[in-house]
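Structure record follows, encoded as structure tokens.
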Amino acid sequence: MNATAIDNLFQQKIDLDLNIEPKDQMPEKYRLHLIRQISQHAHSEVIGMQPEGNWITRAPSLRAKQILLAKIQDEGGHGLYLYSACETLGISREELIDQLHTGKAKYSNIFNYPALTWADIGAIGWLVDGAAIVNQVSLQRTSYGPYARGMVRICKEESFHQRQGYEIMANMMKGTEAQREMAQDAMNRWWWPSLMMFGPHDSDSPHSGDAFTWKIKRKSNDELRQKFIDKTVQQAEVIGLTIPDDELRWNEEKQGYDHGEINWEEFKRVINGNGPCNKQRMDHHKKYHAEGAWVREAAAAYAKENSK
Amino acid sequence: MTKKEALFNYLLQLGDNALIQGHRLSEWCSKAPFLEEDLALTNMALDNIGRAQSFLKYAGDIEGIGRTDDDLAYKRGERQFYNHLIYELPIGDFAYTIAKQLIISVFEYFQYTELTQSKDSTITGIASKSLKEIKYHKLHATDWCMRLGKGTVESHQRLQEAFNALWMYTVELFEMYESDAILVKDGIAIDLNIVKMKWKEMIATILKEATIDIPTVDYMQTGSRRGIHTEHLGHLLAEMQYLQRAYPDATW
Amino acid sequence: MDTQLDLWEVFIQNKAGSYVHAGSVHASDSQMALQNARDTYTRRQEGTSIWVIPAKYVVASNPEDAEMFFDPANDKIYRHPTFYVMPEGAKQI
């Protein structure tokens, strides 16, 4: 088959809502788009372990410690599922990690912000995971089979993540003055970066066109962001937290909230490497990756020797 | 020492070992040599924290003045902790953690096997559940000892050095105090002399297969049963208890 | 060159059901693969038994062969019990 025939057959399948599987022929651009998106997703899960991991040893109760550990462990697991999905596209985990280290592959911008207080653990779970879930639910129907199946599993496991974050915030809002201040402060710092997680406005989104045609992406950045805002505002009200946006108003006509403009300058600056923690997150990953090299070598050497 | 005090002390020791071990293992999160191992170490951390919760809760019940598992974990000072010294040592490199895991998991394997025969039914309940987890920890540590011991020159050397450094903390695991004597008589606590013999034998077998020499040391550390610890514990507690100490009137 | 160890495919059985493909893990040897599969795919009581298979030994059918492989079964309806007409009133058959 020539390239055009392959493309046509591929698009027919996509239009019929059939999943694309690893051995199916697919346009090279589709494959590369998927590698970029899935690996970014995988790296985000893995880098995302750091800000929360920062609080494991300081969690304020045995229960909180267990929940946080189990949650971060899930994130590691999700990174693993996604790396596996990506590997079905003919790229190895070694290469994927290398792309992360050289800056060729990105991870979610949100993890370049610091987790400063315990309330940040609440805010991350509630807002960051909350935003991620909105996106991930829509990805359960993405066109690439291994990615879609990974997402189904991830969504199932993540359903407790957002609840645990919200529970932390709710408990703090019922607590002392100091706890309430801590919770509101975390809300103020995490709200806008959470909205940025959905990416640029649809009108400025460079990769969206192909992603829609190929049904990798099912809903637009702005649609997903709106969905997140609409469900979160009510949750904030219930526990007495204020959304740090003076322009936030209910819009009866569109049956959703209007909100203030996102600081896109900050968004670009952080994406381009100049956020509070970009360097720290990368250094951490490189350091422990390098420190683990002798262990991986030993395991490989032992296996080689023993299979003789 | 009354029987109640002895039991309280004994439960704290079991709970503190699990608590401190869980804490140290949790420090590996996002730092393991590869992703799968990160999950494995976190799983073991979770086993330990769960076990700590059970023992500290029971300790609080026995003490009878209303202290919860969290009170006992977060509001005791350095001198009131009774975990063995080896548990509180920093995680070191992966070989050091694996060596520590082997020493501890083989010890706990025999300790908990005995504990499942305790006359105290709450202890046997916790012990039976824990023993399953400990068996897995022992398997994990043993397999890794083989891989590191027989992997590369570097991994062998690192593992040997780890055992050399940890060896002086091993005898303390088997020390018996007044509280043990009181409880052993009633069949509640266990006789660690039996555990010691079995531990030595199994460790020797595993190390031999991993081509690791059994270290010789002139001096063995001691002190945890009197609440005398290494300097590391204070730092661990300062971190672990920070929120509870900084906001004493808050609940989380 | 860095190594992330070999790729293994993981199949999980829950109670007496079939072994179902759960995903993959990296591991250097079979024991590690089993343990990594346990830690990755059975954290929520999903399984009672695990198979791990080196990914390089999995042979998959080609999508181009799908028609000749699977379509010929379409008209062999006599393989299904509903194909047969049973006499009125016959029981337990």
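Following the order of the structure tokens, chains are lettered A, B, ..., residues in each are numbered from 1, and ligands are numbered from 1.
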List as a Markdown table every residue of chain C that is in contact with chain A, defined as an atom at most 6 Å from one of its atoms (using only C-alpha atoms), together with the nearest atom pair and the distance in Å rounded to one decimal, sorted by chain and then rising number.
| residue | atom | partner | partner_atom | distance |
| --- | --- | --- | --- | --- |
| C:Gln4 | CA | A:Glu94 | CA | 6.0 |
| C:Ser28 | CA | A:Ala300 | CA | 5.4 |
| C:Asp29 | CA | A:Ala303 | CA | 5.6 |
| C:Pro63 | CA | A:Asp24 | CA | 5.9 |
Could you produce a table of the residues of chain B lying within 6 Å of chain A, with the nearest pair of atoms per residue and their separation in Å rounded to one decimal, using only C-alpha atoms, ordered by chain and increasing residue number, as a tab-separated table?
residue	atom	partner	partner_atom	distance
B:Lys31	CA	A:Tyr288	CA	5.4
B:Pro33	CA	A:Gly292	CA	3.8
B:Leu39	CA	A:Gln73	CA	5.8
B:Asp70	CA	A:Ser61	CA	6.0
B:Arg147	CA	A:Ala299	CA	5.4
B:Leu148	CA	A:Ala298	CA	5.9
B:Gly151	CA	A:Ala298	CA	4.2
B:Thr152	CA	A:Ala298	CA	5.1
B:Glu239	CA	A:Arg58	CA	5.7
B:Met240	CA	A:Arg58	CA	4.7
B:Leu243	CA	A:Pro60	CA	5.7
Same residues, N, CA, C and O atoms, output as a PDB file, in the first residue's frame:
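Result file follows (out.pdb):
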ATOM      1  N   LYS B  31      12.693   8.320  44.279  1.00  0.00           N
ATOM      2  CA  LYS B  31      14.157   8.252  44.249  1.00  0.00           C
ATOM      3  C   LYS B  31      14.703   6.863  43.924  1.00  0.00           C
ATOM      4  O   LYS B  31      15.910   6.647  43.953  1.00  0.00           O
ATOM      5  N   PRO B  33      15.784   3.312  41.925  1.00  0.00           N
ATOM      6  CA  PRO B  33      16.569   3.147  40.701  1.00  0.00           C
ATOM      7  C   PRO B  33      15.736   3.059  39.419  1.00  0.00           C
ATOM      8  O   PRO B  33      16.221   3.364  38.352  1.00  0.00           O
ATOM      9  N   LEU B  39       7.569   1.737  43.245  1.00  0.00           N
ATOM     10  CA  LEU B  39       6.289   1.217  43.708  1.00  0.00           C
ATOM     11  C   LEU B  39       6.480   0.126  44.756  1.00  0.00           C
ATOM     12  O   LEU B  39       5.718   0.034  45.723  1.00  0.00           O
ATOM     13  N   ASP B  70      -2.056   8.201  66.846  1.00  0.00           N
ATOM     14  CA  ASP B  70      -1.389   9.425  66.399  1.00  0.00           C
ATOM     15  C   ASP B  70      -0.693  10.150  67.556  1.00  0.00           C
ATOM     16  O   ASP B  70       0.407  10.667  67.381  1.00  0.00           O
ATOM     17  N   ARG B 147      21.046 -10.304  43.361  1.00  0.00           N
ATOM     18  CA  ARG B 147      21.347  -9.477  42.189  1.00  0.00           C
ATOM     19  C   ARG B 147      22.531  -8.549  42.450  1.00  0.00           C
ATOM     20  O   ARG B 147      23.405  -8.395  41.602  1.00  0.00           O
ATOM     21  N   LEU B 148      22.543  -7.949  43.628  1.00  0.00           N
ATOM     22  CA  LEU B 148      23.635  -7.006  43.917  1.00  0.00           C
ATOM     23  C   LEU B 148      24.915  -7.755  44.271  1.00  0.00           C
ATOM     24  O   LEU B 148      26.007  -7.397  43.821  1.00  0.00           O
ATOM     25  N   GLY B 151      25.954  -9.319  40.937  1.00  0.00           N
ATOM     26  CA  GLY B 151      25.722  -8.529  39.735  1.00  0.00           C
ATOM     27  C   GLY B 151      27.001  -8.020  39.108  1.00  0.00           C
ATOM     28  O   GLY B 151      27.580  -8.652  38.229  1.00  0.00           O
ATOM     29  N   THR B 152      27.478  -6.884  39.581  1.00  0.00           N
ATOM     30  CA  THR B 152      28.721  -6.311  39.060  1.00  0.00           C
ATOM     31  C   THR B 152      29.714  -6.165  40.215  1.00  0.00           C
ATOM     32  O   THR B 152      29.345  -6.318  41.386  1.00  0.00           O
ATOM     33  N   GLU B 239      11.179  16.033  61.770  1.00  0.00           N
ATOM     34  CA  GLU B 239      10.497  16.133  60.484  1.00  0.00           C
ATOM     35  C   GLU B 239       9.087  15.544  60.571  1.00  0.00           C
ATOM     36  O   GLU B 239       8.105  16.158  60.194  1.00  0.00           O
ATOM     37  N   MET B 240       9.024  14.336  61.099  1.00  0.00           N
ATOM     38  CA  MET B 240       7.750  13.611  61.139  1.00  0.00           C
ATOM     39  C   MET B 240       6.713  14.356  61.992  1.00  0.00           C
ATOM     40  O   MET B 240       5.540  14.414  61.650  1.00  0.00           O
ATOM     41  N   LEU B 243       4.284  19.169  61.991  1.00  0.00           N
ATOM     42  CA  LEU B 243       2.976  19.836  61.977  1.00  0.00           C
ATOM     43  C   LEU B 243       2.246  19.693  63.307  1.00  0.00           C
ATOM     44  O   LEU B 243       1.637  20.641  63.796  1.00  0.00           O
TER      45      LEU B 243
END
Q: Extract, using only C-alpha atoms, all DNA, RNA and protein residues at most 7 Å from segment 117-133 of chain B, discarding same-chain residues fewer than 3 positions from it, and format them as a PyMOL selection string.
A: chain B and resi 47+51+54+109+112-114+136-137+187-189
Using only C-alpha atoms, I'd like every residue of chain B that has an atom within 12 Å of chain C; please write them out as a PDB file with all heavy atoms, in the first residue's frame.
ATOM      1  N   PRO B  33      15.784   3.312  41.925  1.00  0.00           N
ATOM      2  CA  PRO B  33      16.569   3.147  40.701  1.00  0.00           C
ATOM      3  C   PRO B  33      15.736   3.059  39.419  1.00  0.00           C
ATOM      4  O   PRO B  33      16.221   3.364  38.352  1.00  0.00           O
ATOM      5  CB  PRO B  33      17.318   1.833  40.918  1.00  0.00           C
ATOM      6  CG  PRO B  33      17.266   1.577  42.377  1.00  0.00           C
ATOM      7  CD  PRO B  33      16.047   2.255  42.903  1.00  0.00           C
ATOM      8  N   PHE B  34      14.507   2.602  39.521  1.00  0.00           N
ATOM      9  CA  PHE B  34      13.572   2.661  38.390  1.00  0.00           C
ATOM     10  C   PHE B  34      12.156   2.599  38.933  1.00  0.00           C
ATOM     11  O   PHE B  34      11.937   2.291  40.099  1.00  0.00           O
ATOM     12  CB  PHE B  34      13.856   1.578  37.336  1.00  0.00           C
ATOM     13  CG  PHE B  34      13.901   0.173  37.874  1.00  0.00           C
ATOM     14  CD1 PHE B  34      12.832  -0.686  37.676  1.00  0.00           C
ATOM     15  CD2 PHE B  34      15.004  -0.295  38.558  1.00  0.00           C
ATOM     16  CE1 PHE B  34      12.861  -1.989  38.170  1.00  0.00           C
ATOM     17  CE2 PHE B  34      15.042  -1.594  39.058  1.00  0.00           C
ATOM     18  CZ  PHE B  34      13.969  -2.436  38.863  1.00  0.00           C
ATOM     19  N   LEU B  35      11.220   2.944  38.058  1.00  0.00           N
ATOM     20  CA  LEU B  35       9.850   3.190  38.491  1.00  0.00           C
ATOM     21  C   LEU B  35       9.208   2.005  39.218  1.00  0.00           C
ATOM     22  O   LEU B  35       8.559   2.164  40.249  1.00  0.00           O
ATOM     23  CB  LEU B  35       9.031   3.570  37.251  1.00  0.00           C
ATOM     24  CG  LEU B  35       7.790   4.412  37.415  1.00  0.00           C
ATOM     25  CD1 LEU B  35       7.978   5.535  38.403  1.00  0.00           C
ATOM     26  CD2 LEU B  35       7.398   4.963  36.043  1.00  0.00           C
ATOM     27  N   GLU B  36       9.404   0.801  38.698  1.00  0.00           N
ATOM     28  CA  GLU B  36       8.788  -0.372  39.314  1.00  0.00           C
ATOM     29  C   GLU B  36       9.267  -0.540  40.758  1.00  0.00           C
ATOM     30  O   GLU B  36       8.506  -0.900  41.653  1.00  0.00           O
ATOM     31  CB  GLU B  36       9.107  -1.635  38.507  1.00  0.00           C
ATOM     32  CG  GLU B  36       8.284  -1.805  37.234  1.00  0.00           C
ATOM     33  CD  GLU B  36       8.788  -0.976  36.066  1.00  0.00           C
ATOM     34  OE1 GLU B  36       9.712  -0.153  36.266  1.00  0.00           O
ATOM     35  OE2 GLU B  36       8.254  -1.149  34.947  1.00  0.00           O
ATOM     36  N   GLU B  37      10.543  -0.268  40.980  1.00  0.00           N
ATOM     37  CA  GLU B  37      11.103  -0.424  42.318  1.00  0.00           C
ATOM     38  C   GLU B  37      10.579   0.673  43.252  1.00  0.00           C
ATOM     39  O   GLU B  37      10.437   0.464  44.452  1.00  0.00           O
ATOM     40  CB  GLU B  37      12.635  -0.407  42.229  1.00  0.00           C
ATOM     41  CG  GLU B  37      13.367  -0.766  43.498  1.00  0.00           C
ATOM     42  CD  GLU B  37      12.992  -2.129  44.078  1.00  0.00           C
ATOM     43  OE1 GLU B  37      12.619  -3.042  43.317  1.00  0.00           O
ATOM     44  OE2 GLU B  37      13.058  -2.266  45.322  1.00  0.00           O
ATOM     45  N   ASP B  38      10.279   1.816  42.703  1.00  0.00           N
ATOM     46  CA  ASP B  38       9.677   2.893  43.491  1.00  0.00           C
ATOM     47  C   ASP B  38       8.358   2.402  44.085  1.00  0.00           C
ATOM     48  O   ASP B  38       8.063   2.602  45.262  1.00  0.00           O
ATOM     49  CB  ASP B  38       9.418   4.102  42.574  1.00  0.00           C
ATOM     50  CG  ASP B  38       9.633   5.423  43.289  1.00  0.00           C
ATOM     51  OD1 ASP B  38       8.876   5.685  44.225  1.00  0.00           O
ATOM     52  OD2 ASP B  38      10.559   6.163  42.926  1.00  0.00           O
ATOM     53  N   LEU B  39       7.569   1.737  43.245  1.00  0.00           N
ATOM     54  CA  LEU B  39       6.289   1.217  43.708  1.00  0.00           C
ATOM     55  C   LEU B  39       6.480   0.126  44.756  1.00  0.00           C
ATOM     56  O   LEU B  39       5.718   0.034  45.723  1.00  0.00           O
ATOM     57  CB  LEU B  39       5.492   0.656  42.523  1.00  0.00           C
ATOM     58  CG  LEU B  39       4.544   1.622  41.824  1.00  0.00           C
ATOM     59  CD1 LEU B  39       5.277   2.757  41.148  1.00  0.00           C
ATOM     60  CD2 LEU B  39       3.695   0.885  40.804  1.00  0.00           C
ATOM     61  N   ALA B  40       7.497  -0.701  44.562  1.00  0.00           N
ATOM     62  CA  ALA B  40       7.742  -1.797  45.493  1.00  0.00           C
ATOM     63  C   ALA B  40       8.113  -1.259  46.879  1.00  0.00           C
ATOM     64  O   ALA B  40       7.586  -1.716  47.905  1.00  0.00           O
ATOM     65  CB  ALA B  40       8.857  -2.691  44.966  1.00  0.00           C
ATOM     66  N   LEU B  41       8.991  -0.269  46.910  1.00  0.00           N
ATOM     67  CA  LEU B  41       9.428   0.280  48.192  1.00  0.00           C
ATOM     68  C   LEU B  41       8.288   1.004  48.901  1.00  0.00           C
ATOM     69  O   LEU B  41       8.129   0.916  50.114  1.00  0.00           O
ATOM     70  CB  LEU B  41      10.618   1.228  47.974  1.00  0.00           C
ATOM     71  CG  LEU B  41      11.917   0.542  47.509  1.00  0.00           C
ATOM     72  CD1 LEU B  41      12.926   1.571  46.989  1.00  0.00           C
ATOM     73  CD2 LEU B  41      12.552  -0.271  48.639  1.00  0.00           C
ATOM     74  N   THR B  42       7.460   1.695  48.121  1.00  0.00           N
ATOM     75  CA  THR B  42       6.310   2.378  48.723  1.00  0.00           C
ATOM     76  C   THR B  42       5.320   1.374  49.297  1.00  0.00           C
ATOM     77  O   THR B  42       4.735   1.605  50.349  1.00  0.00           O
ATOM     78  CB  THR B  42       5.576   3.250  47.672  1.00  0.00           C
ATOM     79  OG1 THR B  42       6.525   3.767  46.756  1.00  0.00           O
ATOM     80  CG2 THR B  42       4.856   4.370  48.319  1.00  0.00           C
ATOM     81  N   ASN B  43       5.137   0.272  48.588  1.00  0.00           N
ATOM     82  CA  ASN B  43       4.235  -0.762  49.109  1.00  0.00           C
ATOM     83  C   ASN B  43       4.691  -1.255  50.471  1.00  0.00           C
ATOM     84  O   ASN B  43       3.895  -1.452  51.387  1.00  0.00           O
ATOM     85  CB  ASN B  43       4.205  -1.960  48.152  1.00  0.00           C
ATOM     86  CG  ASN B  43       2.951  -1.961  47.300  1.00  0.00           C
ATOM     87  OD1 ASN B  43       2.053  -1.150  47.510  1.00  0.00           O
ATOM     88  ND2 ASN B  43       2.888  -2.870  46.352  1.00  0.00           N
ATOM     89  N   MET B  44       5.996  -1.463  50.601  1.00  0.00           N
ATOM     90  CA  MET B  44       6.507  -1.952  51.877  1.00  0.00           C
ATOM     91  C   MET B  44       6.395  -0.888  52.968  1.00  0.00           C
ATOM     92  O   MET B  44       6.133  -1.185  54.123  1.00  0.00           O
ATOM     93  CB  MET B  44       7.945  -2.433  51.697  1.00  0.00           C
ATOM     94  CG  MET B  44       7.989  -3.673  50.798  1.00  0.00           C
ATOM     95  SD  MET B  44       9.574  -4.485  50.776  1.00  0.00           S
ATOM     96  CE  MET B  44      10.457  -3.388  49.707  1.00  0.00           C
ATOM     97  N   LEU B  46       4.005   1.250  53.138  1.00  0.00           N
ATOM     98  CA  LEU B  46       2.595   1.234  53.539  1.00  0.00           C
ATOM     99  C   LEU B  46       2.287   0.070  54.475  1.00  0.00           C
ATOM    100  O   LEU B  46       1.543   0.215  55.446  1.00  0.00           O
ATOM    101  CB  LEU B  46       1.696   1.177  52.296  1.00  0.00           C
ATOM    102  CG  LEU B  46       1.531   2.498  51.559  1.00  0.00           C
ATOM    103  CD1 LEU B  46       0.880   2.284  50.199  1.00  0.00           C
ATOM    104  CD2 LEU B  46       0.713   3.485  52.383  1.00  0.00           C
ATOM    105  N   ASP B  47       2.861  -1.102  54.195  1.00  0.00           N
ATOM    106  CA  ASP B  47       2.681  -2.247  55.098  1.00  0.00           C
ATOM    107  C   ASP B  47       3.104  -1.862  56.515  1.00  0.00           C
ATOM    108  O   ASP B  47       2.415  -2.145  57.497  1.00  0.00           O
ATOM    109  CB  ASP B  47       3.565  -3.427  54.650  1.00  0.00           C
ATOM    110  CG  ASP B  47       3.066  -4.079  53.364  1.00  0.00           C
ATOM    111  OD1 ASP B  47       1.906  -3.852  52.989  1.00  0.00           O
ATOM    112  OD2 ASP B  47       3.857  -4.822  52.751  1.00  0.00           O
ATOM    113  N   TYR B 136       6.940 -11.328  52.243  1.00  0.00           N
ATOM    114  CA  TYR B 136       7.188 -10.686  50.955  1.00  0.00           C
ATOM    115  C   TYR B 136       8.407  -9.767  51.029  1.00  0.00           C
ATOM    116  O   TYR B 136       9.230  -9.737  50.114  1.00  0.00           O
ATOM    117  CB  TYR B 136       5.944  -9.904  50.493  1.00  0.00           C
ATOM    118  CG  TYR B 136       6.044  -9.444  49.060  1.00  0.00           C
ATOM    119  CD1 TYR B 136       5.778 -10.320  48.016  1.00  0.00           C
ATOM    120  CD2 TYR B 136       6.458  -8.156  48.749  1.00  0.00           C
ATOM    121  CE1 TYR B 136       5.902  -9.924  46.697  1.00  0.00           C
ATOM    122  CE2 TYR B 136       6.589  -7.742  47.435  1.00  0.00           C
ATOM    123  CZ  TYR B 136       6.311  -8.634  46.416  1.00  0.00           C
ATOM    124  OH  TYR B 136       6.447  -8.229  45.106  1.00  0.00           O
ATOM    125  N   HIS B 137       8.531  -9.031  52.122  1.00  0.00           N
ATOM    126  CA  HIS B 137       9.691  -8.141  52.296  1.00  0.00           C
ATOM    127  C   HIS B 137      10.988  -8.961  52.279  1.00  0.00           C
ATOM    128  O   HIS B 137      12.001  -8.547  51.713  1.00  0.00           O
ATOM    129  CB  HIS B 137       9.602  -7.357  53.617  1.00  0.00           C
ATOM    130  CG  HIS B 137       8.371  -6.512  53.734  1.00  0.00           C
ATOM    131  ND1 HIS B 137       8.061  -5.771  54.857  1.00  0.00           N
ATOM    132  CD2 HIS B 137       7.341  -6.294  52.864  1.00  0.00           C
ATOM    133  CE1 HIS B 137       6.912  -5.140  54.670  1.00  0.00           C
ATOM    134  NE2 HIS B 137       6.455  -5.451  53.484  1.00  0.00           N
ATOM    135  N   LEU B 139      11.431 -11.879  50.817  1.00  0.00           N
ATOM    136  CA  LEU B 139      11.658 -12.353  49.444  1.00  0.00           C
ATOM    137  C   LEU B 139      12.298 -11.252  48.597  1.00  0.00           C
ATOM    138  O   LEU B 139      13.280 -11.474  47.878  1.00  0.00           O
ATOM    139  CB  LEU B 139      10.310 -12.767  48.829  1.00  0.00           C
ATOM    140  CG  LEU B 139      10.314 -13.165  47.352  1.00  0.00           C
ATOM    141  CD1 LEU B 139      10.981 -14.524  47.187  1.00  0.00           C
ATOM    142  CD2 LEU B 139       8.883 -13.197  46.793  1.00  0.00           C
ATOM    143  N   HIS B 140      11.738 -10.071  48.716  1.00  0.00           N
ATOM    144  CA  HIS B 140      12.245  -8.921  47.958  1.00  0.00           C
ATOM    145  C   HIS B 140      13.716  -8.646  48.317  1.00  0.00           C
ATOM    146  O   HIS B 140      14.566  -8.475  47.438  1.00  0.00           O
ATOM    147  CB  HIS B 140      11.362  -7.704  48.267  1.00  0.00           C
ATOM    148  CG  HIS B 140      11.820  -6.417  47.650  1.00  0.00           C
ATOM    149  ND1 HIS B 140      12.640  -5.533  48.324  1.00  0.00           N
ATOM    150  CD2 HIS B 140      11.591  -5.861  46.433  1.00  0.00           C
ATOM    151  CE1 HIS B 140      12.899  -4.492  47.531  1.00  0.00           C
ATOM    152  NE2 HIS B 140      12.270  -4.664  46.383  1.00  0.00           N
ATOM    153  N   ALA B 141      14.017  -8.633  49.599  1.00  0.00           N
ATOM    154  CA  ALA B 141      15.390  -8.331  50.036  1.00  0.00           C
ATOM    155  C   ALA B 141      16.361  -9.443  49.615  1.00  0.00           C
ATOM    156  O   ALA B 141      17.479  -9.174  49.175  1.00  0.00           O
ATOM    157  CB  ALA B 141      15.419  -8.137  51.552  1.00  0.00           C
ATOM    158  N   THR B 142      15.906 -10.695  49.755  1.00  0.00           N
ATOM    159  CA  THR B 142      16.781 -11.822  49.392  1.00  0.00           C
ATOM    160  C   THR B 142      17.120 -11.789  47.905  1.00  0.00           C
ATOM    161  O   THR B 142      18.285 -11.913  47.523  1.00  0.00           O
ATOM    162  CB  THR B 142      16.088 -13.164  49.724  1.00  0.00           C
ATOM    163  OG1 THR B 142      15.673 -13.124  51.095  1.00  0.00           O
ATOM    164  CG2 THR B 142      17.030 -14.339  49.518  1.00  0.00           C
ATOM    165  N   ASP B 143      16.103 -11.593  47.076  1.00  0.00           N
ATOM    166  CA  ASP B 143      16.331 -11.546  45.625  1.00  0.00           C
ATOM    167  C   ASP B 143      17.309 -10.428  45.268  1.00  0.00           C
ATOM    168  O   ASP B 143      18.204 -10.612  44.451  1.00  0.00           O
ATOM    169  CB  ASP B 143      15.009 -11.329  44.875  1.00  0.00           C
ATOM    170  CG  ASP B 143      14.180 -12.607  44.807  1.00  0.00           C
ATOM    171  OD1 ASP B 143      14.654 -13.632  45.330  1.00  0.00           O
ATOM    172  OD2 ASP B 143      13.068 -12.575  44.246  1.00  0.00           O
ATOM    173  N   TRP B 144      17.122  -9.290  45.885  1.00  0.00           N
ATOM    174  CA  TRP B 144      18.010  -8.160  45.566  1.00  0.00           C
ATOM    175  C   TRP B 144      19.434  -8.403  46.072  1.00  0.00           C
ATOM    176  O   TRP B 144      20.401  -7.964  45.468  1.00  0.00           O
ATOM    177  CB  TRP B 144      17.458  -6.842  46.109  1.00  0.00           C
ATOM    178  CG  TRP B 144      16.582  -6.144  45.100  1.00  0.00           C
ATOM    179  CD1 TRP B 144      15.239  -5.932  45.174  1.00  0.00           C
ATOM    180  CD2 TRP B 144      17.003  -5.564  43.851  1.00  0.00           C
ATOM    181  NE1 TRP B 144      14.788  -5.265  44.051  1.00  0.00           N
ATOM    182  CE2 TRP B 144      15.852  -5.021  43.227  1.00  0.00           C
ATOM    183  CE3 TRP B 144      18.226  -5.451  43.181  1.00  0.00           C
ATOM    184  CZ2 TRP B 144      15.891  -4.383  41.975  1.00  0.00           C
ATOM    185  CZ3 TRP B 144      18.275  -4.818  41.941  1.00  0.00           C
ATOM    186  CH2 TRP B 144      17.118  -4.284  41.355  1.00  0.00           C
ATOM    187  N   MET B 146      20.923 -11.208  46.028  1.00  0.00           N
ATOM    188  CA  MET B 146      21.545 -12.042  44.995  1.00  0.00           C
ATOM    189  C   MET B 146      21.967 -11.168  43.808  1.00  0.00           C
ATOM    190  O   MET B 146      23.075 -11.291  43.301  1.00  0.00           O
ATOM    191  CB  MET B 146      20.580 -13.126  44.491  1.00  0.00           C
ATOM    192  CG  MET B 146      20.128 -14.107  45.547  1.00  0.00           C
ATOM    193  SD  MET B 146      21.520 -14.833  46.443  1.00  0.00           S
ATOM    194  CE  MET B 146      20.790 -15.099  48.040  1.00  0.00           C
ATOM    195  N   ARG B 147      21.046 -10.304  43.361  1.00  0.00           N
ATOM    196  CA  ARG B 147      21.347  -9.477  42.189  1.00  0.00           C
ATOM    197  C   ARG B 147      22.531  -8.549  42.450  1.00  0.00           C
ATOM    198  O   ARG B 147      23.405  -8.395  41.602  1.00  0.00           O
ATOM    199  CB  ARG B 147      20.125  -8.636  41.792  1.00  0.00           C
ATOM    200  CG  ARG B 147      18.994  -9.467  41.271  1.00  0.00           C
ATOM    201  CD  ARG B 147      17.820  -8.595  40.805  1.00  0.00           C
ATOM    202  NE  ARG B 147      16.639  -9.438  40.669  1.00  0.00           N
ATOM    203  CZ  ARG B 147      15.575  -9.386  41.441  1.00  0.00           C
ATOM    204  NH1 ARG B 147      15.490  -8.475  42.398  1.00  0.00           N
ATOM    205  NH2 ARG B 147      14.575 -10.217  41.270  1.00  0.00           N
ATOM    206  N   GLY B 151      25.954  -9.319  40.937  1.00  0.00           N
ATOM    207  CA  GLY B 151      25.722  -8.529  39.735  1.00  0.00           C
ATOM    208  C   GLY B 151      27.001  -8.020  39.108  1.00  0.00           C
ATOM    209  O   GLY B 151      27.580  -8.652  38.229  1.00  0.00           O
TER     210      GLY B 151
END
Q | Among listed residues B:Leu192, B:Glu5, B:Asp218, B:Met197, nearest Gln111 of chain B (using only C-alpha atoms) | A |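 Going through B:Leu192, B:Glu5, B:Asp218, B:Met197 one by one, the smallest distance to Gln111 of chain B is for B:Leu192.
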Q | Residue nearest Val52 of chain C among C:Tyr78, C:Phe69, C:Trp8, C:Phe83 (counting only C-alpha atoms) | A |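 Of C:Tyr78, C:Phe69, C:Trp8, C:Phe83, the one nearest Val52 of chain C, counting only C-alpha atoms, is C:Trp8.
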Q: Go ahead and compute the interatomic distance for atom CA of Leu32 of chain A and atom CA of Ile53 of chain C, in Å to one decimal.
A: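 Pair atom CA of Leu32 of chain A / atom CA of Ile53 of chain C returns 27.7 Å.
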Q.
I'd like the neighbourhood of segment 76-79 of chain B as a PyMOL selection string, where a residue qualifies if any of its atoms comes within 10 Å (using only C-alpha atoms), though same-chain residues fewer than 2 positions away should be ignored.
A. chain B and resi 70-74+81-82+224-231+233-238+241
Using only C-alpha atoms, please write the residues we just selected to a file, as a short mmCIF file (atom, residue, chain, number, x, y, z; two decimals), in the first residue's frame.
data_model
loop_
_atom_site.label_atom_id
_atom_site.label_comp_id
_atom_site.auth_asym_id
_atom_site.auth_seq_id
_atom_site.Cartn_x
_atom_site.Cartn_y
_atom_site.Cartn_z
CA ASP B 70 -1.39 9.43 66.40
CA ASP B 71 -0.68 10.82 69.88
CA LEU B 72 1.88 8.09 70.41
CA ALA B 73 3.45 8.58 66.98
CA TYR B 74 3.52 12.36 66.89
CA PHE B 81 10.87 5.81 71.41
CA TYR B 82 11.85 2.15 71.64
CA SER B 224 17.14 1.53 72.19
CA ARG B 225 15.29 -0.35 74.90
CA ARG B 226 16.40 2.34 77.34
CA GLY B 227 15.41 5.05 74.88
CA ILE B 228 19.04 5.80 73.99
CA HIS B 229 19.18 6.28 70.23
CA THR B 230 21.48 7.40 67.46
CA GLU B 231 21.47 11.09 66.55
CA LEU B 233 16.20 9.60 65.34
CA GLY B 234 15.92 13.19 66.56
CA HIS B 235 16.03 14.50 63.02
CA LEU B 236 13.55 11.93 61.81
CA LEU B 237 11.10 12.88 64.56
CA ALA B 238 11.63 16.62 64.06
CA GLN B 241 6.22 15.50 64.06
#
Q: Would you please work out which residue, of C:Ile77, C:Leu34, C:Val59, C:Val85, is nearest to Val10 of chain C when using only C-alpha atoms?
A: C:Leu34
